[in-house]
Amino acid sequence: MTWTQELEWHGTRLTLNRCESEPDAQAGMPLPPAPGAGAIRLPAMYLFTDGLTVNGTMHLEAEVTGSMASVYLDVLRESDAGWLAGPVCRQELKPPVTREIGGVKIPVWGDSNRLSAVWQPVIRLLVSGEDTAWGFVQPSKSNREELCLHAMWVSTNNEEQPVRLYFAADGTLNRMAVLGNSDDLPGGSRGVFPQPGDQFIPSFKWLRLDGETGCWQTAPGCTNAITITQQLPHLEEVPAPAGRYQIGLLILDLDGQPHRSYIPFEIS
């Protein structure tokens, strides 16, 4: 059975699905302290706005201590039963210092950091012809200049394959990487692109904080399918739909384990 939420926005229908037949996966029990300076802590986090409307701007301020590898501004959309869909927005925050190791720039964070981030409430849509779906994009791990979107690629002969779509900052589709049986498995670009009549079904994650255990539960999510036309699909920005959201920080420690903290707000 699939749980579905639909909303009309900017003349199009946006659909968010969550599969209820699969057991929720626990995103780990409470973890031991991160190495180095110890456990990651957020002693203070504040949200300032100049109006909770689609034209408002969110200013997030936070104090973070501990050994961090990467820090992201993270925005999630709230639905029923405490489930959060996302990322609506994910932006990597710049560290105070970077170090180059083997030609790769590595972020270097201090043991205590005061962070600041701004979000203009917009979302990205995956568009092909007249078809539109909510595109939950995030920064590409392989190229900081690109955005990445996970999706299921359905060919005209109904073969399904998980893929990653990589977009330039202006929303142009740069390339597509075909994955294994899961979007978490490595994959490679084979120089393939979708053909007219193929479909993409963008995917995302549902998250919910278990108040008893303090652990984050996860569930797979997907949007409505879009059919590919003669032109390649692209991303478009539109104001975020009215509703409840949560904004905060996603922090990866030196072991790559995620730490999250959010503040709820509502856009009218």
# chains A, B, ... in the order shown; residues from 1 in each chain; ligands from 1

$ select_by_dssp --residues "region 79-250 of chain A" --states "strand (DSSP E or B)" --output "PyMOL selection string"
chain A and resi 84-92+97-101+104-108+112-119+122-128+131-134+138-139+147-154+160-167+173-178+188+199-209+216-223+226-227+234-239+243-250

$ closest_residue --among "A:Thr132, A:Thr65, A:Gln217, A:Gln195" --to "Leu14 (chain A)" --atoms "only C-alpha atoms"
A:Thr132

$ residues_around --residues "Gly110 (chain A)" --least-positions-apart "6" --cutoff "10 Å" --atoms "only C-alpha atoms" --output "PyMOL selection string"
chain A and resi 37+64-68+95-97

$ closest_residue --among "A:Ile228, A:Glu212, A:Gly248, A:Ile123" --to "Trp9 (chain A)" --atoms "only C-alpha atoms"
A:Ile123

$ closest_residue --among "A:Phe200, A:Pro121, A:Val192, A:Ser140" --to "Glu160 (chain A)" --atoms "only C-alpha atoms"
A:Phe200

$ atom_distance --atom1 "CA of Thr218 (chain A)" --atom2 "CA of Ala133 (chain A)"
21.5 Å

$ residues_around --residues "Pro196 (chain A)" --least-positions-apart "4" --cutoff "8 Å" --atoms "only C-alpha atoms" --output "list in words"
Thr227, Ile228, Thr229 and Gln230 of chain A

$ closest_residue --among "A:Lys205, A:Arg244, A:His10, A:Arg175" --to "Pro264 (chain A)" --atoms "only C-alpha atoms"
A:Arg244

$ closest_residue --among "A:Ala151, A:Ile267, A:Val163, A:Met45" --to "Leu179 (chain A)" --atoms "only C-alpha atoms"
A:Val163

$ closest_residue --among "A:Ser128, A:Thr156, A:Asn143, A:Ser203" --to "Asn224 (chain A)" --atoms "only C-alpha atoms"
A:Ser203
